[in-house]
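Data from run01.tsv: TSV, C-alpha atoms and all ligand atoms
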chain	number	residue	atom	x	y	z
A	1	MET	CA	0.00	0.00	0.00
A	2	ASN	CA	1.44	3.43	-0.97
A	3	ALA	CA	1.17	5.94	1.88
A	4	GLN	CA	1.75	9.05	-0.20
A	5	PRO	CA	-0.99	10.33	-2.51
A	6	LEU	CA	-0.12	10.12	-6.19
A	7	ARG	CA	1.23	13.39	-7.60
A	8	ILE	CA	-0.41	13.93	-10.98
A	9	GLY	CA	0.45	16.63	-13.52
A	10	ILE	CA	-1.74	17.62	-16.44
A	11	ALA	CA	-0.29	18.56	-19.82
A	12	GLY	CA	-2.82	20.76	-21.61
A	13	LEU	CA	-4.42	22.00	-18.38
A	14	ASN	CA	-6.62	24.54	-20.19
A	15	GLY	CA	-7.96	22.08	-22.78
A	16	ARG	CA	-11.49	20.70	-22.93
A	17	VAL	CA	-10.31	17.47	-21.30
A	18	GLY	CA	-7.51	19.10	-19.28
A	19	ARG	CA	-9.90	21.25	-17.24
A	20	LEU	CA	-12.02	18.20	-16.33
A	21	LEU	CA	-8.89	16.26	-15.44
A	22	ALA	CA	-8.01	18.88	-12.85
A	23	GLN	CA	-11.30	18.14	-11.06
A	24	GLU	CA	-11.08	14.38	-11.44
A	25	VAL	CA	-7.50	14.15	-10.14
A	26	VAL	CA	-8.66	15.66	-6.84
A	27	ALA	CA	-11.92	13.65	-6.77
A	28	GLY	CA	-9.82	10.49	-7.28
A	29	GLY	CA	-7.66	11.15	-4.21
A	30	GLY	CA	-4.56	12.33	-6.09
A	31	VAL	CA	-2.59	15.54	-5.67
A	32	LEU	CA	-2.85	18.01	-8.54
A	33	ALA	CA	0.89	18.71	-8.74
A	34	GLY	CA	0.70	21.18	-11.63
A	35	GLY	CA	-0.01	21.57	-15.30
A	36	THR	CA	1.22	22.98	-18.57
A	37	THR	CA	-0.26	25.56	-20.88
A	38	ARG	CA	1.43	26.69	-24.06
A	39	ASP	CA	2.43	30.07	-22.60
A	40	GLY	CA	2.68	28.99	-18.95
A	41	ALA	CA	-0.27	31.22	-18.01
A	42	PRO	CA	-2.46	30.09	-15.10
A	43	VAL	CA	-5.91	28.69	-15.80
A	44	ALA	CA	-8.83	30.52	-14.20
A	45	GLY	CA	-10.42	28.48	-11.43
A	46	ILE	CA	-7.63	25.87	-11.21
A	47	ASP	CA	-5.28	26.34	-8.30
A	48	CYS	CA	-1.94	24.68	-9.10
A	49	PRO	CA	1.53	25.62	-10.45
A	50	VAL	CA	1.54	26.07	-14.23
A	51	TYR	CA	4.54	25.72	-16.54
A	52	SER	CA	5.13	26.08	-20.27
A	53	ASP	CA	7.82	23.37	-20.21
A	54	ILE	CA	6.78	19.78	-19.47
A	55	SER	CA	10.25	19.00	-18.05
A	56	GLN	CA	9.63	21.47	-15.23
A	57	LEU	CA	6.24	19.91	-14.52
A	58	ALA	CA	7.65	16.38	-14.65
A	59	HIS	CA	10.01	17.02	-11.72
A	60	HIS	CA	7.03	17.55	-9.42
A	61	CYS	CA	4.98	14.52	-10.56
A	62	ASP	CA	4.79	10.74	-10.39
A	63	VAL	CA	2.72	10.70	-13.54
A	64	VAL	CA	1.68	13.19	-16.22
A	65	ILE	CA	-1.70	12.90	-17.94
A	66	ASP	CA	-1.43	14.35	-21.44
A	67	PHE	CA	-4.34	15.38	-23.68
A	68	THR	CA	-2.73	18.01	-25.90
A	69	HIS	CA	-1.81	18.04	-29.59
A	70	VAL	CA	0.12	15.64	-31.77
A	71	SER	CA	2.88	18.22	-32.27
A	72	THR	CA	3.88	17.77	-28.62
A	73	VAL	CA	4.24	13.98	-28.57
A	74	VAL	CA	7.92	13.59	-29.47
A	75	ALA	CA	9.09	16.28	-27.02
A	76	HIS	CA	6.78	15.07	-24.24
A	77	GLY	CA	7.97	11.48	-24.64
A	78	ALA	CA	11.63	12.51	-24.44
A	79	ALA	CA	11.08	14.79	-21.42
A	80	LEU	CA	9.10	12.25	-19.40
A	81	ALA	CA	11.50	9.42	-20.19
A	82	ALA	CA	14.45	11.62	-19.13
A	83	SER	CA	12.83	12.49	-15.80
A	84	GLY	CA	11.49	8.98	-15.10
A	85	THR	CA	7.89	10.18	-14.95
A	86	ALA	CA	5.06	7.84	-15.97
A	87	TRP	CA	2.82	8.99	-18.84
A	88	VAL	CA	-0.91	8.64	-19.50
A	89	LEU	CA	-1.30	9.66	-23.14
A	90	GLY	CA	-4.67	10.48	-24.72
A	91	THR	CA	-3.57	12.65	-27.63
A	92	THR	CA	-4.68	11.26	-31.02
A	93	GLY	CA	-3.67	11.66	-34.66
A	94	LEU	CA	-0.10	10.31	-34.26
A	95	SER	CA	2.05	9.52	-37.32
A	96	ALA	CA	4.16	6.35	-37.38
A	97	ALA	CA	7.21	8.38	-36.31
A	98	GLU	CA	5.31	9.93	-33.39
A	99	GLN	CA	4.12	6.49	-32.33
A	100	GLN	CA	7.75	5.32	-32.38
A	101	ALA	CA	8.58	8.12	-29.95
A	102	VAL	CA	5.87	6.80	-27.61
A	103	ASP	CA	7.22	3.26	-27.94
A	104	ALA	CA	10.74	4.53	-27.16
A	105	ALA	CA	9.53	6.36	-24.04
A	106	ALA	CA	7.76	3.18	-22.91
A	107	GLY	CA	11.14	1.45	-22.87
A	108	ARG	CA	12.13	3.77	-20.02
A	109	VAL	CA	8.92	4.67	-18.15
A	110	ALA	CA	5.47	3.11	-17.74
A	111	VAL	CA	3.00	4.48	-20.30
A	112	VAL	CA	-0.73	3.97	-20.75
A	113	GLN	CA	-1.77	5.08	-24.21
A	114	ALA	CA	-5.39	4.94	-25.36
A	115	ALA	CA	-7.26	6.69	-28.14
A	116	ASN	CA	-10.24	6.58	-25.81
A	117	PHE	CA	-10.26	6.19	-22.02
A	118	SER	CA	-13.95	5.29	-21.79
A	119	PRO	CA	-14.60	1.78	-20.45
A	120	GLY	CA	-17.48	1.42	-22.92
A	121	VAL	CA	-15.29	2.18	-25.93
A	122	THR	CA	-12.65	-0.21	-24.61
A	123	LEU	CA	-15.26	-2.99	-24.59
A	124	VAL	CA	-16.65	-2.07	-28.02
A	125	THR	CA	-13.12	-2.18	-29.45
A	126	ARG	CA	-12.60	-5.61	-27.93
A	127	LEU	CA	-15.90	-6.78	-29.45
A	128	ALA	CA	-14.83	-5.33	-32.82
A	129	ARG	CA	-11.77	-7.60	-32.69
A	130	GLN	CA	-13.98	-10.63	-31.98
A	131	MET	CA	-16.36	-9.65	-34.79
A	132	GLY	CA	-13.46	-9.23	-37.18
A	133	ALA	CA	-12.35	-12.78	-36.33
A	134	ALA	CA	-15.84	-14.22	-36.76
A	135	LEU	CA	-17.04	-12.27	-39.81
A	136	PRO	CA	-14.62	-12.66	-42.75
A	137	GLY	CA	-13.89	-9.76	-45.08
A	138	SER	CA	-14.91	-11.89	-48.06
A	139	ASP	CA	-18.53	-11.85	-46.81
A	140	TYR	CA	-18.83	-8.95	-44.36
A	141	ASP	CA	-17.96	-5.35	-45.28
A	142	ALA	CA	-16.59	-3.57	-42.19
A	143	GLU	CA	-17.16	0.19	-41.94
A	144	ILE	CA	-16.43	2.57	-39.06
A	145	LEU	CA	-18.51	5.73	-38.72
A	146	GLU	CA	-17.58	8.51	-36.29
A	147	MET	CA	-18.99	11.93	-35.46
A	148	HIS	CA	-17.40	14.64	-33.32
A	149	HIS	CA	-17.65	18.32	-32.45
A	150	ARG	CA	-16.62	20.94	-35.00
A	151	GLN	CA	-13.34	21.76	-33.19
A	152	LYS	CA	-11.81	18.30	-33.66
A	153	VAL	CA	-8.61	18.53	-35.72
A	154	ASP	CA	-7.82	14.91	-36.68
A	155	ALA	CA	-9.79	12.45	-38.82
A	156	PRO	CA	-10.63	9.64	-38.67
A	157	SER	CA	-10.67	9.86	-34.89
A	158	GLY	CA	-8.08	7.89	-32.95
A	159	THR	CA	-10.89	5.73	-31.61
A	160	ALA	CA	-12.21	4.93	-35.10
A	161	LEU	CA	-8.70	3.91	-36.16
A	162	ALA	CA	-8.30	1.77	-33.03
A	163	MET	CA	-11.60	0.05	-33.79
A	164	GLY	CA	-10.51	-0.53	-37.40
A	165	ARG	CA	-7.18	-1.88	-36.19
A	166	ALA	CA	-9.07	-4.27	-33.89
A	167	VAL	CA	-11.17	-5.56	-36.81
A	168	ALA	CA	-7.96	-6.05	-38.81
A	169	GLU	CA	-6.29	-7.88	-35.90
A	170	GLY	CA	-9.32	-10.19	-35.65
A	171	ARG	CA	-8.94	-10.92	-39.36
A	172	GLY	CA	-5.18	-11.43	-39.08
A	173	ILE	CA	-4.41	-8.58	-41.51
A	174	LYS	CA	-2.85	-5.11	-41.27
A	175	LEU	CA	-5.20	-2.13	-41.25
A	176	GLU	CA	-2.73	-0.15	-43.38
A	177	ASP	CA	-3.12	-2.69	-46.22
A	178	HIS	CA	-6.94	-2.56	-46.21
A	179	ILE	CA	-7.97	0.94	-45.17
A	180	GLU	CA	-10.47	2.91	-47.28
A	181	SER	CA	-10.81	6.38	-45.81
A	182	GLY	CA	-12.13	9.69	-47.12
A	183	ARG	CA	-13.96	8.33	-50.16
A	184	ASP	CA	-14.79	11.10	-52.62
A	185	GLY	CA	-15.42	11.24	-56.35
A	186	HIS	CA	-15.15	8.26	-58.69
A	187	THR	CA	-13.73	5.76	-56.21
A	188	GLY	CA	-14.59	2.55	-58.04
A	189	PRO	CA	-16.23	-0.31	-56.16
A	190	ARG	CA	-15.38	-1.17	-52.60
A	191	ALA	CA	-12.26	-3.38	-52.44
A	192	ASP	CA	-12.82	-6.92	-51.13
A	193	GLY	CA	-11.95	-7.06	-47.45
A	194	ALA	CA	-11.59	-3.28	-47.13
A	195	ILE	CA	-12.08	-1.61	-43.75
A	196	GLY	CA	-13.83	1.69	-44.45
A	197	PHE	CA	-13.98	4.94	-42.46
A	198	ALA	CA	-16.31	7.94	-42.56
A	199	ALA	CA	-15.85	11.03	-40.37
A	200	LEU	CA	-18.62	13.55	-39.63
A	201	ARG	CA	-18.12	16.85	-37.79
A	202	GLY	CA	-20.70	19.15	-36.26
A	203	GLY	CA	-21.79	21.21	-33.28
A	204	GLN	CA	-20.62	20.03	-29.87
A	205	ILE	CA	-20.99	16.27	-30.26
A	206	VAL	CA	-18.66	14.73	-27.67
A	207	GLY	CA	-17.93	11.51	-29.59
A	208	GLU	CA	-19.93	8.84	-31.42
A	209	HIS	CA	-18.56	5.67	-33.02
A	210	SER	CA	-20.23	2.80	-34.88
A	211	VAL	CA	-18.62	-0.38	-36.17
A	212	ILE	CA	-20.87	-1.79	-38.90
A	213	PHE	CA	-20.57	-5.19	-40.58
A	214	THR	CA	-22.77	-5.69	-43.65
A	215	SER	CA	-23.15	-8.88	-45.70
A	216	THR	CA	-25.56	-9.70	-48.50
A	217	HIS	CA	-28.08	-10.98	-45.96
A	218	GLU	CA	-27.60	-9.15	-42.66
A	219	GLN	CA	-26.10	-6.19	-40.84
A	220	ILE	CA	-24.60	-6.02	-37.35
A	221	SER	CA	-23.66	-2.70	-35.79
A	222	LEU	CA	-22.13	-1.68	-32.48
A	223	THR	CA	-22.58	1.95	-31.45
A	224	HIS	CA	-21.04	3.91	-28.60
A	225	ARG	CA	-21.98	7.47	-27.67
A	226	SER	CA	-20.14	9.62	-25.13
A	227	PHE	CA	-22.44	12.17	-23.51
A	228	ASP	CA	-19.82	13.85	-21.34
A	229	ARG	CA	-16.02	14.23	-21.67
A	230	ARG	CA	-15.79	13.40	-17.98
A	231	VAL	CA	-15.79	9.73	-19.03
A	232	TYR	CA	-12.34	10.30	-20.60
A	233	ALA	CA	-11.03	12.20	-17.56
A	234	THR	CA	-12.15	9.56	-15.02
A	235	GLY	CA	-10.68	6.80	-17.20
A	236	ALA	CA	-7.35	8.62	-17.51
A	237	VAL	CA	-7.13	9.23	-13.74
A	238	ARG	CA	-7.90	5.55	-13.16
A	239	ALA	CA	-5.07	4.70	-15.56
A	240	ALA	CA	-2.70	7.04	-13.69
A	241	HIS	CA	-3.32	5.27	-10.37
A	242	TRP	CA	-3.04	1.85	-12.03
A	243	LEU	CA	0.36	2.84	-13.51
A	244	ARG	CA	1.87	3.56	-10.11
A	245	THR	CA	3.13	0.03	-9.57
A	246	ARG	CA	3.92	-0.90	-13.18
A	247	ARG	CA	7.26	-1.52	-14.83
A	248	PRO	CA	8.28	0.50	-17.92
A	249	ALA	CA	6.19	-0.78	-20.86
A	250	LEU	CA	3.39	0.37	-23.15
A	251	TYR	CA	-0.03	-0.45	-21.67
A	252	ASP	CA	-3.58	0.23	-22.85
A	253	MET	CA	-7.04	0.51	-21.31
A	254	GLU	CA	-7.64	-3.24	-21.65
A	255	ASP	CA	-4.68	-3.66	-19.27
A	256	VAL	CA	-6.05	-1.05	-16.86
A	257	LEU	CA	-9.51	-2.65	-16.82
A	258	GLY	CA	-8.02	-6.15	-16.37
A	259	LEU	CA	-9.63	-7.43	-19.57
A	260	LYS	CA	-6.60	-9.22	-20.97
A	261	SER	CA	-6.88	-11.97	-18.36
A	262	VAL	CA	-10.55	-12.54	-19.32
A	263	ALA	CA	-11.13	-15.11	-22.08
A	264	GLU	CA	-12.59	-13.62	-25.27
A	301	LIG	N1	-7.93	9.42	-25.47
A	301	LIG	C1	-9.11	9.96	-25.16
A	301	LIG	O1	-9.93	9.40	-24.40
A	301	LIG	C2	-9.41	11.32	-25.71
A	301	LIG	C3	-8.50	11.93	-26.50
A	301	LIG	N2	-8.71	13.23	-26.91
A	301	LIG	C4	-7.63	13.82	-27.64
A	301	LIG	O2	-6.94	14.67	-26.74
A	301	LIG	C5	-6.40	15.79	-27.42
A	301	LIG	C6	-6.92	17.09	-26.78
A	301	LIG	O3	-8.31	17.15	-26.89
A	301	LIG	P1	-9.11	18.41	-26.32
A	301	LIG	O4	-8.91	18.52	-24.85
A	301	LIG	O5	-10.49	18.27	-26.83
A	301	LIG	O6	-8.35	19.58	-27.10
A	301	LIG	P2	-8.17	21.14	-26.70
A	301	LIG	O7	-7.76	21.80	-27.96
A	301	LIG	O8	-9.36	21.62	-25.96
A	301	LIG	O9	-6.96	21.11	-25.68
A	301	LIG	C7	-5.65	20.84	-26.08
A	301	LIG	C8	-4.71	21.58	-25.15
A	301	LIG	O10	-3.40	21.23	-25.61
A	301	LIG	C9	-2.59	22.38	-25.58
A	301	LIG	N3	-1.71	22.41	-26.74
A	301	LIG	C10	-2.07	22.47	-28.03
A	301	LIG	N4	-0.98	22.54	-28.82
A	301	LIG	C11	0.06	22.58	-28.00
A	301	LIG	C12	1.44	22.66	-28.20
A	301	LIG	N5	1.96	22.72	-29.45
A	301	LIG	N6	2.24	22.66	-27.11
A	301	LIG	C13	1.73	22.57	-25.87
A	301	LIG	N7	0.41	22.50	-25.62
A	301	LIG	C14	-0.40	22.50	-26.67
A	301	LIG	C15	-3.49	23.59	-25.64
A	301	LIG	O11	-2.93	24.49	-24.73
A	301	LIG	P3	-3.29	26.04	-24.65
A	301	LIG	O12	-4.71	26.07	-24.16
A	301	LIG	O13	-2.35	26.60	-23.68
A	301	LIG	O14	-3.16	26.57	-26.05
A	301	LIG	C16	-4.87	23.08	-25.23
A	301	LIG	O15	-5.29	23.57	-24.00
A	301	LIG	C17	-6.81	15.59	-28.89
A	301	LIG	O16	-5.76	14.94	-29.55
A	301	LIG	C18	-8.02	14.68	-28.80
A	301	LIG	O17	-8.25	13.94	-29.96
A	301	LIG	C19	-9.84	13.90	-26.59
A	301	LIG	C20	-10.80	13.32	-25.84
A	301	LIG	C21	-10.68	11.96	-25.35
A	302	LIG	O1	-11.12	14.98	-29.96
A	302	LIG	C1	-12.04	14.44	-29.29
A	302	LIG	O2	-12.97	15.07	-28.82
A	302	LIG	C2	-11.96	12.99	-29.07
A	302	LIG	N1	-10.88	12.37	-29.46
A	302	LIG	C3	-10.58	10.99	-29.30
A	302	LIG	C4	-10.46	10.32	-30.64
A	302	LIG	O3	-9.87	10.91	-31.57
A	302	LIG	O4	-10.93	9.19	-30.80
A	302	LIG	C5	-11.53	10.31	-28.35
A	302	LIG	C6	-12.94	10.79	-28.40
A	302	LIG	O5	-13.56	10.26	-29.52
A	302	LIG	C7	-13.05	12.30	-28.35

Could I get this structure in the form of structure tokens?
Amino acid sequence: MNAQPLRIGIAGLNGRVGRLLAQEVVAGGGVLAGGTTRDGAPVAGIDCPVYSDISQLAHHCDVVIDFTHVSTVVAHGAALAASGTAWVLGTTGLSAAEQQAVDAAAGRVAVVQAANFSPGVTLVTRLARQMGAALPGSDYDAEILEMHHRQKVDAPSGTALAMGRAVAEGRGIKLEDHIESGRDGHTGPRADGAIGFAALRGGQIVGEHSVIFTSTHEQISLTHRSFDRRVYATGAVRAAHWLRTRRPALYDMEDVLGLKSVAE
């Protein structure tokens, strides 16, 4: 049993998720050790030290929860690995090179990375893997539909890509070899075994994802809707506490929820 409360820092303290994280860290029994904003300015209504440099924040924390922007990932990974600070990473839209930086950091510190910290999405993604295994691409066309608020900057969403990757894993193929995203114009017919994506944007929709399998004779769809971003913040804080006793490695929300020991 750890006597000291967990010291949690928040990268992107003034973000839509960052502001909720500040509340959930305290509600979860942790210490809000500080946060970052781009210019180091304090955030109205949140009482903690604020830095512009994540290295400064890291020295005061056991773990940093990071929901920022993809442009920060390489620098954040290097800084947290150098200071030995665990990392809960929710930022989406990573390139292969940015993902490699996360993998490298996870060789030195414990990292939980998830495109979506909601328990419901974690389960839907697991089910998508099982459906991919059971419903072959030769008979069942897999499509992922997502809708988000108008401010979202990356598409398809990280969650949609994770769901597509799960379908591909179930089918024993690579998503990269079968992805059909952003169809427009004279696309030709759907490729056999393709995994398709469609991204909608509008208003203040928090996050909606559907995985849809359609054959000649039937359709099966799984839909998840987030009503409140707090579901991401509570999931990320849960991940931060779970990380406390872990060795350096890359973990995901299935690890945090203990699902990997449950038979599929
Ligand atoms: N994994 C999950 O469960 C979820 C993931 N996300 C992802 O989290 C990320 C943030 O989402 P959201 O909170 O809605 O976004 P916001 O734009 O509301 O917040 C992002 C914050 O990141 C900071 N930031 C942006 N660019 C930089 C930079 N170059 N350097 C340092 N800080 C920067 C901004 O700081 P400042 O205000 O100082 O400019 C801002 O406050 C996105 O990638 C999103 O897709 C979102 C929801 C759930
Ligand atoms: O930007 C968002 O808002 C969200 N981003 C994540 C994603 O890209 O999947 C998670 C959630 O859908 C909300």

Kindly provide, as a CSV table (one decimal) with C-alpha atoms, keeping the file's coordinate frame, all nucleotide and amino acid residues lying within 6 Å of ligand LIG 302 (chain A), counting all atoms listed in the file.
chain,number,residue,atom,x,y,z
A,92,THR,CA,-4.7,11.3,-31.0
A,115,ALA,CA,-7.3,6.7,-28.1
A,116,ASN,CA,-10.2,6.6,-25.8
A,152,LYS,CA,-11.8,18.3,-33.7
A,157,SER,CA,-10.7,9.9,-34.9
A,158,GLY,CA,-8.1,7.9,-33.0
A,159,THR,CA,-10.9,5.7,-31.6
A,206,VAL,CA,-18.7,14.7,-27.7
A,207,GLY,CA,-17.9,11.5,-29.6

Query raised in the report: Which residues form the shell of 8 Å around ligand LIG 301 (chain A) when you count only C-alpha atoms and all ligand atoms, given as an NGL selection string?
Result: :A and (11-18 or 36-41 or 52 or 66-72 or 89-93 or 113-118 or 151-154 or 157-159 or 229 or 231-233 or 235-236)

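Pairwise distance (atom CA of Gln56 of chain A, atom CA of Trp87 of chain A) equals 14.7 Å.
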
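Ranking A:Glu180, A:Asp103, A:Asp252, A:Asp62 by their shortest atom-to-atom distance to Ala162 of chain A, with all atoms listed in the file included, puts A:Asp252 first.
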
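Across A:Pro136, A:Gly29, A:Gly77, A:Gly9, the tightest approach to Tyr51 of chain A is made by A:Gly9 when counting only C-alpha atoms.
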
Padding 8 Å on every side, please: axis-aligned box over the listed atoms of segment 224-234 of chain A, centre and edge lengths to one decimal in Å, as AutoDock Vina command-line options.
--center_x -16.7 --center_y 9.1 --center_z -21.8 --size_x 27.4 --size_y 26.3 --size_z 29.6

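Closest approach to Pro49 of chain A among A:Val111, A:Ala33, A:Glu24, A:Gly182 is made by A:Ala33 (distances from all atoms listed in the file).
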
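With all atoms listed in the file as the basis for measurement, A:Ala110 is the residue among A:Ala166, A:Ala110, A:Arg7, A:Leu257 that approaches Thr245 of chain A most closely.
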
Requested in this report: Compile the contact shell of His60 of chain A as a VMD selection string: residues with an atom at most 12 Å away, counting all atoms listed in the file, same-chain residues fewer than 6 positions apart removed.
Outcome: chain A and resid 6 to 10 31 to 35 48 to 51 54 80 83 to 86

Atoms to include: C-alpha atoms. Write the selected residues as a PDB file, keeping the file's coordinate frame.
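What landed in again01.pdb:
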ATOM      1  CA  LEU A   6      -0.120  10.120  -6.190  1.00  0.00           C
ATOM      2  CA  ARG A   7       1.230  13.390  -7.600  1.00  0.00           C
ATOM      3  CA  ILE A   8      -0.410  13.930 -10.980  1.00  0.00           C
ATOM      4  CA  GLY A   9       0.450  16.630 -13.520  1.00  0.00           C
ATOM      5  CA  ILE A  10      -1.740  17.620 -16.440  1.00  0.00           C
ATOM      6  CA  VAL A  31      -2.590  15.540  -5.670  1.00  0.00           C
ATOM      7  CA  LEU A  32      -2.850  18.010  -8.540  1.00  0.00           C
ATOM      8  CA  ALA A  33       0.890  18.710  -8.740  1.00  0.00           C
ATOM      9  CA  GLY A  34       0.700  21.180 -11.630  1.00  0.00           C
ATOM     10  CA  GLY A  35      -0.010  21.570 -15.300  1.00  0.00           C
ATOM     11  CA  CYS A  48      -1.940  24.680  -9.100  1.00  0.00           C
ATOM     12  CA  PRO A  49       1.530  25.620 -10.450  1.00  0.00           C
ATOM     13  CA  VAL A  50       1.540  26.070 -14.230  1.00  0.00           C
ATOM     14  CA  TYR A  51       4.540  25.720 -16.540  1.00  0.00           C
ATOM     15  CA  ILE A  54       6.780  19.780 -19.470  1.00  0.00           C
ATOM     16  CA  LEU A  80       9.100  12.250 -19.400  1.00  0.00           C
ATOM     17  CA  SER A  83      12.830  12.490 -15.800  1.00  0.00           C
ATOM     18  CA  GLY A  84      11.490   8.980 -15.100  1.00  0.00           C
ATOM     19  CA  THR A  85       7.890  10.180 -14.950  1.00  0.00           C
ATOM     20  CA  ALA A  86       5.060   7.840 -15.970  1.00  0.00           C
TER      21      ALA A  86
END

Which residues are close to Pro156 of chain A, i.e. within 8 Å by all atoms listed in the file, leaving aside same-chain residues fewer than 2 positions away? Reply as a PDB file with C-alpha atoms, keeping the file's coordinate frame.
ATOM      1  CA  GLU A 146     -17.580   8.510 -36.290  1.00  0.00           C
ATOM      2  CA  ASP A 154      -7.820  14.910 -36.680  1.00  0.00           C
ATOM      3  CA  GLY A 158      -8.080   7.890 -32.950  1.00  0.00           C
ATOM      4  CA  ALA A 160     -12.210   4.930 -35.100  1.00  0.00           C
ATOM      5  CA  LEU A 161      -8.700   3.910 -36.160  1.00  0.00           C
ATOM      6  CA  SER A 181     -10.810   6.380 -45.810  1.00  0.00           C
ATOM      7  CA  PHE A 197     -13.980   4.940 -42.460  1.00  0.00           C
ATOM      8  CA  ALA A 198     -16.310   7.940 -42.560  1.00  0.00           C
ATOM      9  CA  ALA A 199     -15.850  11.030 -40.370  1.00  0.00           C
TER      10      ALA A 199
END

Query raised in the report: What does the distance from atom CA of Thr223 of chain A to atom CA of Pro189 of chain A come to in Å, to one decimal?
Result: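 That distance, rounded to one decimal, is 25.6 Å.
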
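Each of A:Gly196, A:Pro42, A:Gly170, A:Gly258 was checked against Thr122 of chain A using all atoms listed in the file; the smallest atom-to-atom distance is that of A:Gly258.
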
Query - Point-to-point distance from atom CA of Ser226 of chain A to atom CA of Ala96 of chain A, Å rounded to tenths - result: 27.4 Å

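Remark: for Asp192 of chain A, the closest of the candidate residues A:Ile205, A:Met163, A:Tyr140, A:Arg171 is A:Tyr140 (distances computed over all atoms listed in the file).
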
Contact check, segment 65-163 of chain A to segment 213-216 of chain A, at most 8 Å, counting only C-alpha atoms, closest pairs as a Markdown table:
| residue | atom | partner | partner_atom | distance |
| --- | --- | --- | --- | --- |
| A:Leu135 | CA | A:Phe213 | CA | 7.9 |
| A:Asp139 | CA | A:Ser215 | CA | 5.6 |
| A:Tyr140 | CA | A:Ser215 | CA | 4.5 |
| A:Asp141 | CA | A:Thr214 | CA | 5.1 |
| A:Ala142 | CA | A:Phe213 | CA | 4.6 |
| A:Glu143 | CA | A:Phe213 | CA | 6.5 |

Within 7 Å of file point (7.9, -1.1, -23.2), counting all atoms listed in the file, expressed as a PDB file with C-alpha atoms, in the frame of the given file:
ATOM      1  CA  ASP A 103       7.220   3.260 -27.940  1.00  0.00           C
ATOM      2  CA  ALA A 106       7.760   3.180 -22.910  1.00  0.00           C
ATOM      3  CA  GLY A 107      11.140   1.450 -22.870  1.00  0.00           C
ATOM      4  CA  PRO A 248       8.280   0.500 -17.920  1.00  0.00           C
ATOM      5  CA  ALA A 249       6.190  -0.780 -20.860  1.00  0.00           C
ATOM      6  CA  LEU A 250       3.390   0.370 -23.150  1.00  0.00           C
TER       7      LEU A 250
END

Requested in this report: For the point (-1.0, 8.5, -14.6) in the file's frame, write as number ranges by chain all residues with an atom no more than 6 Å away, counting all atoms listed in the file.
Outcome: A: 63-65, 87-88, 239-241, 243

Now that the selection is made, can you save its residues with C-alpha atoms as an mmCIF file, in the coordinates of the input?
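Output below, filename result33.cif:
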data_model
loop_
_atom_site.group_PDB
_atom_site.id
_atom_site.type_symbol
_atom_site.label_atom_id
_atom_site.label_comp_id
_atom_site.auth_asym_id
_atom_site.auth_seq_id
_atom_site.Cartn_x
_atom_site.Cartn_y
_atom_site.Cartn_z
ATOM 1 C CA VAL A 63 2.720 10.700 -13.540
ATOM 2 C CA VAL A 64 1.680 13.190 -16.220
ATOM 3 C CA ILE A 65 -1.700 12.900 -17.940
ATOM 4 C CA TRP A 87 2.820 8.990 -18.840
ATOM 5 C CA VAL A 88 -0.910 8.640 -19.500
ATOM 6 C CA ALA A 239 -5.070 4.700 -15.560
ATOM 7 C CA ALA A 240 -2.700 7.040 -13.690
ATOM 8 C CA HIS A 241 -3.320 5.270 -10.370
ATOM 9 C CA LEU A 243 0.360 2.840 -13.510
#

Save segment 36-67 of chain A from what I just supplied, as an mmCIF file, in the first residue's frame, atoms limited to C-alpha atoms.
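Everything below was put into decode.cif:
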data_model
loop_
_atom_site.group_PDB
_atom_site.id
_atom_site.type_symbol
_atom_site.label_atom_id
_atom_site.label_comp_id
_atom_site.auth_asym_id
_atom_site.auth_seq_id
_atom_site.Cartn_x
_atom_site.Cartn_y
_atom_site.Cartn_z
ATOM 1 C CA THR A 36 1.221 22.983 -18.574
ATOM 2 C CA THR A 37 -0.260 25.561 -20.879
ATOM 3 C CA ARG A 38 1.426 26.692 -24.063
ATOM 4 C CA ASP A 39 2.428 30.074 -22.600
ATOM 5 C CA GLY A 40 2.676 28.993 -18.951
ATOM 6 C CA ALA A 41 -0.274 31.223 -18.009
ATOM 7 C CA PRO A 42 -2.459 30.088 -15.097
ATOM 8 C CA VAL A 43 -5.913 28.686 -15.796
ATOM 9 C CA ALA A 44 -8.828 30.522 -14.202
ATOM 10 C CA GLY A 45 -10.418 28.481 -11.427
ATOM 11 C CA ILE A 46 -7.629 25.866 -11.208
ATOM 12 C CA ASP A 47 -5.280 26.337 -8.301
ATOM 13 C CA CYS A 48 -1.937 24.679 -9.099
ATOM 14 C CA PRO A 49 1.529 25.617 -10.448
ATOM 15 C CA VAL A 50 1.539 26.075 -14.230
ATOM 16 C CA TYR A 51 4.542 25.722 -16.536
ATOM 17 C CA SER A 52 5.134 26.080 -20.266
ATOM 18 C CA ASP A 53 7.822 23.366 -20.214
ATOM 19 C CA ILE A 54 6.778 19.783 -19.471
ATOM 20 C CA SER A 55 10.251 19.002 -18.054
ATOM 21 C CA GLN A 56 9.631 21.472 -15.233
ATOM 22 C CA LEU A 57 6.237 19.910 -14.521
ATOM 23 C CA ALA A 58 7.645 16.380 -14.648
ATOM 24 C CA HIS A 59 10.014 17.017 -11.721
ATOM 25 C CA HIS A 60 7.026 17.546 -9.424
ATOM 26 C CA CYS A 61 4.984 14.521 -10.560
ATOM 27 C CA ASP A 62 4.790 10.740 -10.387
ATOM 28 C CA VAL A 63 2.715 10.696 -13.542
ATOM 29 C CA VAL A 64 1.681 13.193 -16.217
ATOM 30 C CA ILE A 65 -1.704 12.899 -17.943
ATOM 31 C CA ASP A 66 -1.430 14.351 -21.437
ATOM 32 C CA PHE A 67 -4.335 15.377 -23.678
#
